[in-house]
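As stored in target.cif (mmCIF, C-alpha atoms, pLDDT in the B column; chains and numbers go by the auth columns):
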```cif
data_upload
#
loop_
_atom_site.group_PDB
_atom_site.id
_atom_site.type_symbol
_atom_site.label_atom_id
_atom_site.label_comp_id
_atom_site.label_asym_id
_atom_site.label_seq_id
_atom_site.Cartn_x
_atom_site.Cartn_y
_atom_site.Cartn_z
_atom_site.B_iso_or_equiv
_atom_site.auth_seq_id
_atom_site.auth_asym_id
ATOM 1 C CA MET A 1 -13.531 9.385 11.312 82.00 1 E
ATOM 2 C CA ASP A 2 -14.653 12.807 10.195 94.00 2 E
ATOM 3 C CA LEU A 3 -11.772 13.595 7.838 98.00 3 E
ATOM 4 C CA THR A 4 -12.420 17.326 7.777 98.00 4 E
ATOM 5 C CA ASP A 5 -9.038 19.039 8.210 98.00 5 E
ATOM 6 C CA LYS A 6 -7.353 15.732 9.099 98.00 6 E
ATOM 7 C CA VAL A 7 -3.872 15.299 7.592 98.00 7 E
ATOM 8 C CA VAL A 8 -3.724 12.233 5.327 98.00 8 E
ATOM 9 C CA VAL A 9 -0.309 11.263 3.913 99.00 9 E
ATOM 10 C CA VAL A 10 -0.152 8.855 0.968 98.00 10 E
ATOM 11 C CA THR A 11 3.082 7.410 -0.407 98.00 11 E
ATOM 12 C CA GLY A 12 3.082 6.223 -3.997 98.00 12 E
ATOM 13 C CA GLY A 13 0.425 8.856 -4.548 98.00 13 E
ATOM 14 C CA SER A 14 1.251 9.827 -8.130 97.00 14 E
ATOM 15 C CA ALA A 15 -0.988 7.289 -9.892 97.00 15 E
ATOM 16 C CA GLY A 16 -3.098 4.178 -9.504 97.00 16 E
ATOM 17 C CA LEU A 17 -4.494 3.248 -6.101 98.00 17 E
ATOM 18 C CA GLY A 18 -2.493 5.907 -4.255 98.00 18 E
ATOM 19 C CA GLU A 19 -3.831 8.656 -6.497 98.00 19 E
ATOM 20 C CA GLN A 20 -7.421 7.503 -5.979 98.00 20 E
ATOM 21 C CA ILE A 21 -6.964 7.349 -2.193 98.00 21 E
ATOM 22 C CA CYS A 22 -5.792 10.972 -2.322 98.00 22 E
ATOM 23 C CA TYR A 23 -8.893 12.041 -4.233 98.00 23 E
ATOM 24 C CA GLU A 24 -11.294 10.101 -2.030 98.00 24 E
ATOM 25 C CA ALA A 25 -9.786 11.589 1.140 98.00 25 E
ATOM 26 C CA ALA A 26 -9.895 15.083 -0.389 98.00 26 E
ATOM 27 C CA LYS A 27 -13.605 14.689 -1.221 98.00 27 E
ATOM 28 C CA ARG A 28 -14.182 14.160 2.497 98.00 28 E
ATOM 29 C CA GLY A 29 -12.409 17.325 3.525 98.00 29 E
ATOM 30 C CA ALA A 30 -8.961 15.980 4.379 98.00 30 E
ATOM 31 C CA ILE A 31 -5.704 17.888 3.987 98.00 31 E
ATOM 32 C CA VAL A 32 -3.963 15.533 1.584 98.00 32 E
ATOM 33 C CA VAL A 33 -0.197 15.106 1.321 98.00 33 E
ATOM 34 C CA THR A 34 0.817 13.060 -1.718 98.00 34 E
ATOM 35 C CA CYS A 35 4.368 11.723 -1.933 98.00 35 E
ATOM 36 C CA ALA A 36 6.102 9.977 -4.833 98.00 36 E
ATOM 37 C CA ARG A 37 9.146 10.232 -7.102 96.00 37 E
ATOM 38 C CA ARG A 38 7.376 11.712 -10.125 96.00 38 E
ATOM 39 C CA ILE A 39 7.160 15.359 -9.173 95.00 39 E
ATOM 40 C CA ASN A 40 5.116 16.386 -12.222 94.00 40 E
ATOM 41 C CA LEU A 41 2.406 13.821 -11.502 97.00 41 E
ATOM 42 C CA ILE A 42 2.120 14.498 -7.778 98.00 42 E
ATOM 43 C CA GLY A 43 1.819 18.191 -8.601 97.00 43 E
ATOM 44 C CA GLN A 44 -1.282 17.394 -10.665 98.00 44 E
ATOM 45 C CA VAL A 45 -2.672 15.184 -7.897 98.00 45 E
ATOM 46 C CA LYS A 46 -2.102 17.979 -5.387 98.00 46 E
ATOM 47 C CA GLU A 47 -4.002 20.495 -7.510 98.00 47 E
ATOM 48 C CA HIS A 48 -6.948 18.161 -8.009 98.00 48 E
ATOM 49 C CA CYS A 49 -7.066 17.354 -4.286 98.00 49 E
ATOM 50 C CA SER A 50 -7.205 21.060 -3.501 98.00 50 E
ATOM 51 C CA GLU A 51 -10.088 21.479 -5.946 98.00 51 E
ATOM 52 C CA LEU A 52 -11.980 18.574 -4.357 98.00 52 E
ATOM 53 C CA SER A 53 -11.434 19.601 -0.727 98.00 53 E
ATOM 54 C CA GLY A 54 -11.502 23.367 -1.137 97.00 54 E
ATOM 55 C CA LYS A 55 -8.410 23.659 1.019 96.00 55 E
ATOM 56 C CA ALA A 56 -4.648 23.308 0.878 97.00 56 E
ATOM 57 C CA ALA A 57 -3.042 20.113 -0.387 98.00 57 E
ATOM 58 C CA TYR A 58 0.641 19.232 -0.560 98.00 58 E
ATOM 59 C CA ALA A 59 2.994 17.296 -2.823 98.00 59 E
ATOM 60 C CA PHE A 60 6.508 16.245 -1.817 98.00 60 E
ATOM 61 C CA GLN A 61 8.945 14.358 -4.005 98.00 61 E
ATOM 62 C CA LEU A 62 9.911 11.165 -2.201 98.00 62 E
ATOM 63 C CA ASP A 63 12.214 8.268 -2.977 98.00 63 E
ATOM 64 C CA ILE A 64 11.051 5.887 -0.261 98.00 64 E
ATOM 65 C CA ALA A 65 14.197 3.755 -0.652 97.00 65 E
ATOM 66 C CA ASP A 66 16.486 6.702 0.159 98.00 66 E
ATOM 67 C CA PRO A 67 16.737 7.495 3.909 97.00 67 E
ATOM 68 C CA GLU A 68 17.853 11.061 3.170 98.00 68 E
ATOM 69 C CA SER A 69 14.778 11.622 1.011 98.00 69 E
ATOM 70 C CA VAL A 70 12.572 10.188 3.766 98.00 70 E
ATOM 71 C CA GLU A 71 14.140 12.476 6.377 98.00 71 E
ATOM 72 C CA SER A 72 13.676 15.503 4.138 98.00 72 E
ATOM 73 C CA VAL A 73 9.992 14.776 3.475 98.00 73 E
ATOM 74 C CA ILE A 74 9.268 14.061 7.145 98.00 74 E
ATOM 75 C CA GLU A 75 10.758 17.440 8.058 98.00 75 E
ATOM 76 C CA LYS A 76 8.709 19.213 5.374 98.00 76 E
ATOM 77 C CA ILE A 77 5.490 17.590 6.566 98.00 77 E
ATOM 78 C CA ALA A 78 6.217 18.590 10.165 97.00 78 E
ATOM 79 C CA ASP A 79 7.163 22.172 9.235 98.00 79 E
ATOM 80 C CA GLU A 80 4.592 22.909 6.514 98.00 80 E
ATOM 81 C CA VAL A 81 1.611 20.695 7.302 98.00 81 E
ATOM 82 C CA GLY A 82 1.592 19.468 10.904 97.00 82 E
ATOM 83 C CA THR A 83 0.856 16.248 12.740 96.00 83 E
ATOM 84 C CA VAL A 84 -0.167 13.319 10.541 98.00 84 E
ATOM 85 C CA ASP A 85 -3.532 11.749 11.383 98.00 85 E
ATOM 86 C CA VAL A 86 -3.538 9.001 8.734 98.00 86 E
ATOM 87 C CA LEU A 87 -0.616 7.416 6.882 99.00 87 E
ATOM 88 C CA VAL A 88 -1.178 5.196 3.849 99.00 88 E
ATOM 89 C CA ASN A 89 1.971 3.292 2.866 98.00 89 E
ATOM 90 C CA ASN A 90 1.151 2.558 -0.755 98.00 90 E
ATOM 91 C CA ALA A 91 4.544 2.922 -2.491 98.00 91 E
ATOM 92 C CA GLY A 92 5.788 -0.333 -3.968 97.00 92 E
ATOM 93 C CA PHE A 93 6.446 -2.298 -7.134 96.00 93 E
ATOM 94 C CA GLY A 94 6.629 -5.868 -8.361 96.00 94 E
ATOM 95 C CA MET A 95 8.201 -7.941 -11.122 95.00 95 E
ATOM 96 C CA PHE A 96 6.866 -11.305 -12.217 92.00 96 E
ATOM 97 C CA LYS A 97 9.735 -13.626 -13.130 94.00 97 E
ATOM 98 C CA ASP A 98 10.939 -17.101 -12.248 95.00 98 E
ATOM 99 C CA PHE A 99 13.376 -16.868 -9.347 97.00 99 E
ATOM 100 C CA THR A 100 16.129 -18.644 -11.298 97.00 100 E
ATOM 101 C CA GLU A 101 15.997 -15.824 -13.858 96.00 101 E
ATOM 102 C CA PHE A 102 15.700 -12.982 -11.347 97.00 102 E
ATOM 103 C CA ASP A 103 18.392 -10.324 -11.110 97.00 103 E
ATOM 104 C CA LEU A 104 19.012 -10.097 -7.361 97.00 104 E
ATOM 105 C CA ALA A 105 19.922 -6.441 -7.713 98.00 105 E
ATOM 106 C CA ASP A 106 16.252 -5.941 -8.629 97.00 106 E
ATOM 107 C CA ALA A 107 15.285 -8.060 -5.638 98.00 107 E
ATOM 108 C CA LYS A 108 17.232 -5.733 -3.353 98.00 108 E
ATOM 109 C CA LYS A 109 15.496 -2.693 -4.868 98.00 109 E
ATOM 110 C CA MET A 110 12.134 -4.330 -4.270 98.00 110 E
ATOM 111 C CA PHE A 111 12.921 -4.947 -0.596 98.00 111 E
ATOM 112 C CA ASP A 112 14.312 -1.422 -0.234 98.00 112 E
ATOM 113 C CA VAL A 113 11.054 0.070 -1.536 98.00 113 E
ATOM 114 C CA ASN A 114 8.365 -2.389 -0.435 98.00 114 E
ATOM 115 C CA VAL A 115 9.746 -3.189 3.021 98.00 115 E
ATOM 116 C CA LEU A 116 12.705 -1.245 4.402 98.00 116 E
ATOM 117 C CA GLY A 117 11.736 2.169 3.044 98.00 117 E
ATOM 118 C CA MET A 118 8.166 1.675 4.224 98.00 118 E
ATOM 119 C CA MET A 119 9.416 0.731 7.702 98.00 119 E
ATOM 120 C CA TYR A 120 11.688 3.759 7.919 98.00 120 E
ATOM 121 C CA PHE A 121 8.959 6.180 6.831 98.00 121 E
ATOM 122 C CA THR A 122 6.436 4.538 9.168 98.00 122 E
ATOM 123 C CA GLN A 123 8.694 4.767 12.200 98.00 123 E
ATOM 124 C CA LYS A 124 9.124 8.515 11.759 96.00 124 E
ATOM 125 C CA ILE A 125 5.359 9.071 11.507 98.00 125 E
ATOM 126 C CA ALA A 126 4.495 6.564 14.251 98.00 126 E
ATOM 127 C CA LEU A 127 6.677 8.416 16.768 97.00 127 E
ATOM 128 C CA SER A 128 4.547 11.549 16.434 97.00 128 E
ATOM 129 C CA MET A 129 1.303 9.545 16.489 98.00 129 E
ATOM 130 C CA VAL A 130 2.289 7.799 19.723 98.00 130 E
ATOM 131 C CA GLU A 131 3.172 11.151 21.260 97.00 131 E
ATOM 132 C CA LYS A 132 -0.275 12.530 20.336 97.00 132 E
ATOM 133 C CA LYS A 133 -2.021 9.261 21.341 98.00 133 E
ATOM 134 C CA ARG A 134 -3.924 9.057 18.059 97.00 134 E
ATOM 135 C CA GLY A 135 -3.427 8.024 14.462 98.00 135 E
ATOM 136 C CA HIS A 136 -4.086 5.363 11.860 98.00 136 E
ATOM 137 C CA ILE A 137 -1.529 3.590 9.657 99.00 137 E
ATOM 138 C CA PHE A 138 -2.521 1.638 6.541 98.00 138 E
ATOM 139 C CA ASN A 139 0.074 -0.668 4.980 98.00 139 E
ATOM 140 C CA VAL A 140 -0.653 -1.893 1.467 98.00 140 E
ATOM 141 C CA ALA A 141 0.423 -5.520 1.339 98.00 141 E
ATOM 142 C CA SER A 142 -1.132 -7.940 -1.168 96.00 142 E
ATOM 143 C CA MET A 143 -2.993 -11.190 -1.564 94.00 143 E
ATOM 144 C CA ALA A 144 0.427 -12.358 -2.781 94.00 144 E
ATOM 145 C CA GLY A 145 1.533 -12.050 0.842 95.00 145 E
ATOM 146 C CA LYS A 146 -1.116 -14.560 1.873 93.00 146 E
ATOM 147 C CA MET A 147 -0.939 -16.975 -1.041 90.00 147 E
ATOM 148 C CA ALA A 148 2.182 -17.046 -3.196 91.00 148 E
ATOM 149 C CA THR A 149 2.046 -18.179 -6.816 89.00 149 E
ATOM 150 C CA PRO A 150 4.757 -18.956 -9.388 92.00 150 E
ATOM 151 C CA LYS A 151 6.762 -16.007 -10.744 93.00 151 E
ATOM 152 C CA SER A 152 6.040 -13.962 -7.611 95.00 152 E
ATOM 153 C CA THR A 153 8.851 -15.251 -5.382 97.00 153 E
ATOM 154 C CA ILE A 154 10.455 -11.880 -4.585 98.00 154 E
ATOM 155 C CA TYR A 155 7.259 -9.841 -4.652 97.00 155 E
ATOM 156 C CA SER A 156 5.472 -12.331 -2.379 97.00 156 E
ATOM 157 C CA ALA A 157 8.449 -12.338 -0.022 98.00 157 E
ATOM 158 C CA THR A 158 8.233 -8.546 0.349 98.00 158 E
ATOM 159 C CA LYS A 159 4.501 -8.675 0.983 98.00 159 E
ATOM 160 C CA PHE A 160 4.805 -11.518 3.504 98.00 160 E
ATOM 161 C CA ALA A 161 7.270 -9.200 5.265 98.00 161 E
ATOM 162 C CA VAL A 162 4.776 -6.315 5.199 98.00 162 E
ATOM 163 C CA LEU A 163 2.116 -8.565 6.731 98.00 163 E
ATOM 164 C CA GLY A 164 4.391 -9.768 9.524 98.00 164 E
ATOM 165 C CA PHE A 165 5.584 -6.246 10.258 98.00 165 E
ATOM 166 C CA SER A 166 2.035 -4.885 10.322 98.00 166 E
ATOM 167 C CA ASN A 167 0.707 -7.623 12.584 98.00 167 E
ATOM 168 C CA ALA A 168 3.368 -6.943 15.213 98.00 168 E
ATOM 169 C CA LEU A 169 3.126 -3.157 14.840 98.00 169 E
ATOM 170 C CA ARG A 170 -0.648 -3.334 15.362 98.00 170 E
ATOM 171 C CA LEU A 171 -0.125 -4.906 18.780 98.00 171 E
ATOM 172 C CA GLU A 172 2.664 -2.514 19.766 98.00 172 E
ATOM 173 C CA LEU A 173 0.758 0.660 18.892 98.00 173 E
ATOM 174 C CA LYS A 174 -2.708 -0.313 20.134 98.00 174 E
ATOM 175 C CA PRO A 175 -2.049 0.876 23.739 98.00 175 E
ATOM 176 C CA ALA A 176 -1.207 4.322 22.300 98.00 176 E
ATOM 177 C CA ASN A 177 -4.561 4.472 20.456 98.00 177 E
ATOM 178 C CA VAL A 178 -2.815 4.188 17.090 98.00 178 E
ATOM 179 C CA TRP A 179 -4.462 1.738 14.692 98.00 179 E
ATOM 180 C CA VAL A 180 -2.709 -0.362 12.042 98.00 180 E
ATOM 181 C CA THR A 181 -4.643 -1.807 9.098 98.00 181 E
ATOM 182 C CA THR A 182 -3.237 -4.081 6.409 98.00 182 E
ATOM 183 C CA ILE A 183 -4.660 -3.781 2.903 98.00 183 E
ATOM 184 C CA ASN A 184 -4.445 -7.003 0.892 97.00 184 E
ATOM 185 C CA PRO A 185 -5.699 -6.413 -2.631 96.00 185 E
ATOM 186 C CA GLY A 186 -5.603 -8.839 -5.486 92.00 186 E
ATOM 187 C CA PRO A 187 -4.820 -7.475 -8.960 92.00 187 E
ATOM 188 C CA ILE A 188 -5.892 -3.858 -9.492 95.00 188 E
ATOM 189 C CA ALA A 189 -6.243 -2.265 -12.922 89.00 189 E
ATOM 190 C CA THR A 190 -3.335 0.190 -12.565 91.00 190 E
ATOM 191 C CA GLU A 191 0.043 0.877 -14.167 86.00 191 E
ATOM 192 C CA PHE A 192 1.625 -1.423 -11.543 85.00 192 E
ATOM 193 C CA PHE A 193 1.409 -4.146 -14.173 72.00 193 E
ATOM 194 C CA ASP A 194 3.300 -2.086 -16.760 81.00 194 E
ATOM 195 C CA LYS A 195 6.438 -3.081 -14.835 80.00 195 E
ATOM 196 C CA ALA A 196 5.278 -6.312 -13.224 74.00 196 E
ATOM 197 C CA ASP A 197 3.973 -7.865 -16.437 73.00 197 E
ATOM 198 C CA PRO A 198 4.953 -5.883 -19.569 79.00 198 E
ATOM 199 C CA SER A 199 3.199 -8.454 -21.777 76.00 199 E
ATOM 200 C CA GLY A 200 -0.202 -7.420 -20.396 71.00 200 E
ATOM 201 C CA ASN A 201 -1.350 -11.040 -20.400 74.00 201 E
ATOM 202 C CA TYR A 202 -1.836 -11.362 -16.647 67.00 202 E
ATOM 203 C CA LEU A 203 -4.681 -8.876 -16.230 65.00 203 E
ATOM 204 C CA GLU A 204 -6.292 -10.112 -19.430 72.00 204 E
ATOM 205 C CA ASN A 205 -6.241 -13.693 -18.174 72.00 205 E
ATOM 206 C CA LEU A 206 -7.799 -12.760 -14.834 67.00 206 E
ATOM 207 C CA GLY A 207 -10.930 -11.248 -16.308 69.00 207 E
ATOM 208 C CA GLY A 208 -13.656 -10.297 -13.850 73.00 208 E
ATOM 209 C CA ILE A 209 -11.683 -10.473 -10.608 86.00 209 E
ATOM 210 C CA VAL A 210 -9.499 -7.465 -11.483 91.00 210 E
ATOM 211 C CA LEU A 211 -10.258 -4.653 -9.025 94.00 211 E
ATOM 212 C CA ASP A 212 -11.281 -1.062 -9.767 96.00 212 E
ATOM 213 C CA PRO A 213 -8.835 1.294 -7.970 97.00 213 E
ATOM 214 C CA LYS A 214 -11.584 3.846 -7.270 98.00 214 E
ATOM 215 C CA LYS A 215 -13.703 1.283 -5.436 97.00 215 E
ATOM 216 C CA VAL A 216 -10.737 -0.025 -3.437 98.00 216 E
ATOM 217 C CA ALA A 217 -9.777 3.565 -2.515 98.00 217 E
ATOM 218 C CA ALA A 218 -13.315 4.292 -1.285 98.00 218 E
ATOM 219 C CA THR A 219 -13.232 1.171 0.888 98.00 219 E
ATOM 220 C CA ILE A 220 -9.903 2.217 2.430 98.00 220 E
ATOM 221 C CA VAL A 221 -11.004 5.776 3.163 98.00 221 E
ATOM 222 C CA ASN A 222 -14.233 4.478 4.715 98.00 222 E
ATOM 223 C CA LYS A 223 -12.093 2.624 7.271 98.00 223 E
ATOM 224 C CA MET A 224 -9.978 5.599 8.298 98.00 224 E
ATOM 225 C CA GLY A 225 -10.277 6.099 12.032 96.00 225 E
ATOM 226 C CA LYS A 226 -11.891 2.698 12.575 97.00 226 E
ATOM 227 C CA PRO A 227 -9.874 -0.094 14.258 97.00 227 E
ATOM 228 C CA THR A 228 -9.837 -2.475 11.294 98.00 228 E
ATOM 229 C CA ARG A 229 -7.353 -5.348 11.174 98.00 229 E
ATOM 230 C CA GLU A 230 -7.374 -6.064 7.435 97.00 230 E
ATOM 231 C CA ILE A 231 -9.047 -5.104 4.192 97.00 231 E
ATOM 232 C CA ASN A 232 -9.080 -8.037 1.763 96.00 232 E
ATOM 233 C CA ARG A 233 -10.313 -7.806 -1.831 94.00 233 E
ATOM 234 C CA PRO A 234 -11.653 -9.451 -3.929 91.00 234 E
ATOM 235 C CA PHE A 235 -13.664 -11.691 -1.634 84.00 235 E
ATOM 236 C CA ILE A 236 -13.066 -14.752 -3.813 82.00 236 E
ATOM 237 C CA MET A 237 -9.308 -14.427 -3.280 79.00 237 E
ATOM 238 C CA GLU A 238 -9.784 -13.851 0.446 87.00 238 E
ATOM 239 C CA GLY A 239 -11.726 -17.110 0.559 86.00 239 E
ATOM 240 C CA ALA A 240 -8.997 -18.849 -1.401 80.00 240 E
ATOM 241 C CA SER A 241 -6.309 -17.600 1.010 85.00 241 E
ATOM 242 C CA ARG A 242 -8.294 -18.917 3.994 85.00 242 E
ATOM 243 C CA PHE A 243 -8.705 -22.263 2.249 79.00 243 E
ATOM 244 C CA TYR A 244 -4.968 -22.275 1.551 80.00 244 E
ATOM 245 C CA GLY A 245 -4.231 -21.868 5.251 83.00 245 E
ATOM 246 C CA LEU A 246 -6.506 -24.755 6.197 84.00 246 E
ATOM 247 C CA PHE A 247 -5.514 -27.124 3.392 80.00 247 E
ATOM 248 C CA PRO A 248 -1.985 -26.169 2.303 82.00 248 E
ATOM 249 C CA HIS A 249 -1.333 -29.202 0.082 74.00 249 E
ATOM 250 C CA ILE A 250 -4.481 -28.590 -1.938 72.00 250 E
ATOM 251 C CA GLY A 251 -3.659 -24.886 -1.817 69.00 251 E
ATOM 252 C CA ASP A 252 -0.276 -25.522 -3.430 77.00 252 E
ATOM 253 C CA PHE A 253 -2.013 -27.428 -6.206 68.00 253 E
ATOM 254 C CA LEU A 254 -4.469 -24.589 -6.822 65.00 254 E
ATOM 255 C CA ALA A 255 -1.868 -21.813 -6.519 68.00 255 E
ATOM 256 C CA GLY A 256 0.367 -23.541 -9.044 65.00 256 E
ATOM 257 C CA GLY A 257 -2.471 -24.279 -11.423 60.00 257 E
ATOM 258 C CA LEU A 258 -5.921 -22.697 -11.245 52.00 258 E
ATOM 259 C CA PHE A 259 -4.751 -19.403 -9.687 56.00 259 E
ATOM 260 C CA ASN A 260 -1.539 -19.179 -11.698 61.00 260 E
ATOM 261 C CA ARG A 261 -2.349 -16.839 -14.589 60.00 261 E
ATOM 262 C CA LYS A 262 1.078 -15.253 -15.092 60.00 262 E
#
```

Whole structure given in structure tokens:
Amino acid sequence: MDLTDKVVVVTGGSAGLGEQICYEAAKRGAIVVTCARRINLIGQVKEHCSELSGKAAYAFQLDIADPESVESVIEKIADEVGTVDVLVNNAGFGMFKDFTEFDLADAKKMFDVNVLGMMYFTQKIALSMVEKKRGHIFNVASMAGKMATPKSTIYSATKFAVLGFSNALRLELKPANVWVTTINPGPIATEFFDKADPSGNYLENLGGIVLDPKKVAATIVNKMGKPTREINRPFIMEGASRFYGLFPHIGDFLAGGLFNRK
């Protein structure tokens, strides 16, 4: 897709992967709309996007778990920006804890953000895409949604839900010429792990397979407008997830041992 003057909306666009997707789309001439809770940070992202694209960019404060906030942002996008060409559902968070120690109030928050809020926001955008008979939706899931490991019970459950939702949505929207792509990254060097693993040990233990958010963002933007089913990175973890599907008993052994670095 030639992104010149195309409207690209990114949730969770204040930092990390979302921020880099905004910049990469702006470099290619897109009109970027960044949405997140931290208004000061999305304001900075907006300004940098405008510098990169040489055109208007937008920043709207969004609490994806709050339906009223979603409704308000959807209205602002429609009134101030126009029809959305590409939606990247990137907002989400995780916490790595044993399930027996997990506060289920936190589990509810995780589902509200990672799953239900994403669905609500997507439905509002998808309606306009179907009407226009064009559009592309990217849902950021995770390798954790393909191969669960210890201490990721709730997070993996939310990402399994994102995968199932995306797979069905892809089939529903295809006749309307609206594409759905699932992004399944392994660990990315972002502030996601400040909350997920405050000790910092997880990324350190993983070493060379930790992903660079700029490279992942470039891969995602390269696929905008192309009917792509999934983006899986790193390749070694994609291979492991395929192996897991074929040999689940061995996969359980590996997921609980070799691949368990939390």

*List the residues matched by the PyMOL selection byres ((chain E and resi 181) around 6) in the displayed structure as a PyMOL selection string, ordered by chain and then by residue number.*
chain E and resi 138+180+182+228-230

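Atom pair atom CA of E:Phe111 / atom CA of E:Pro234 has a distance of 25.2 Å (rounded to one decimal).
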
_Counting only C-alpha atoms, the option among E:Pro175, E:Lys6, E:Leu116, E:Lys132 closest to E:Leu87_ =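 Of E:Pro175, E:Lys6, E:Leu116, E:Lys132, the one nearest E:Leu87 is E:Lys6, counting only C-alpha atoms.
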
*Compile the contact shell of stretch 186-200 of chain E as a PyMOL selection string: residues with an atom at most 10 Å away, counting all atoms listed in the file, same-chain residues fewer than 6 positions apart removed.*
chain E and resi 15-17+92-97+141-144+152+155+206+209-214+216+232-238+262

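Here atom CA of E:His48 is placed at a distance of 9.2 Å from atom CA of E:Cys22.
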
So that I can look at just that part, could you write stretch 121-127 of chain E with all heavy atoms, as a compact mmCIF listing (two decimals), in the first residue's frame?
```txt
# COMPACT_ATOMS: atom_id res chain seq x y z
N PHE E 121 -13.20 -1.35 20.30
CA PHE E 121 -12.60 -0.35 19.42
C PHE E 121 -12.60 -0.84 17.98
O PHE E 121 -12.93 -0.10 17.05
CB PHE E 121 -11.17 -0.05 19.89
CG PHE E 121 -10.59 1.21 19.33
CD1 PHE E 121 -10.85 2.44 19.91
CD2 PHE E 121 -9.75 1.17 18.22
CE1 PHE E 121 -10.31 3.61 19.40
CE2 PHE E 121 -9.21 2.33 17.69
CZ PHE E 121 -9.48 3.55 18.28
N THR E 122 -12.26 -2.12 17.79
CA THR E 122 -12.19 -2.70 16.46
C THR E 122 -13.55 -2.69 15.77
O THR E 122 -13.66 -2.39 14.57
CB THR E 122 -11.66 -4.15 16.52
OG1 THR E 122 -10.34 -4.14 17.06
CG2 THR E 122 -11.62 -4.79 15.15
N GLN E 123 -14.60 -3.03 16.52
CA GLN E 123 -15.92 -3.08 15.91
C GLN E 123 -16.33 -1.72 15.34
O GLN E 123 -16.88 -1.62 14.25
CB GLN E 123 -16.96 -3.54 16.93
CG GLN E 123 -18.34 -3.77 16.31
CD GLN E 123 -19.38 -4.20 17.33
OE1 GLN E 123 -19.59 -3.50 18.33
NE2 GLN E 123 -20.00 -5.34 17.11
N LYS E 124 -16.03 -0.66 16.09
CA LYS E 124 -16.40 0.68 15.65
C LYS E 124 -15.66 1.05 14.36
O LYS E 124 -16.25 1.64 13.43
CB LYS E 124 -16.07 1.71 16.74
CG LYS E 124 -16.80 1.49 18.05
CD LYS E 124 -18.30 1.63 17.88
CE LYS E 124 -19.03 1.43 19.20
NZ LYS E 124 -20.49 1.53 19.05
N ILE E 125 -14.38 0.71 14.27
CA ILE E 125 -13.60 1.01 13.07
C ILE E 125 -14.01 0.10 11.92
O ILE E 125 -14.12 0.53 10.76
CB ILE E 125 -12.10 0.85 13.36
CG1 ILE E 125 -11.64 1.83 14.46
CG2 ILE E 125 -11.28 1.06 12.09
CD1 ILE E 125 -11.71 3.28 14.10
N ALA E 126 -14.22 -1.19 12.22
CA ALA E 126 -14.56 -2.16 11.18
C ALA E 126 -15.85 -1.80 10.46
O ALA E 126 -15.99 -2.03 9.25
CB ALA E 126 -14.66 -3.56 11.78
N LEU E 127 -16.81 -1.24 11.18
CA LEU E 127 -18.08 -0.85 10.56
C LEU E 127 -17.86 0.14 9.41
O LEU E 127 -18.44 0.01 8.34
CB LEU E 127 -19.01 -0.25 11.61
CG LEU E 127 -19.68 -1.24 12.57
CD1 LEU E 127 -20.33 -0.49 13.73
CD2 LEU E 127 -20.71 -2.08 11.83
```
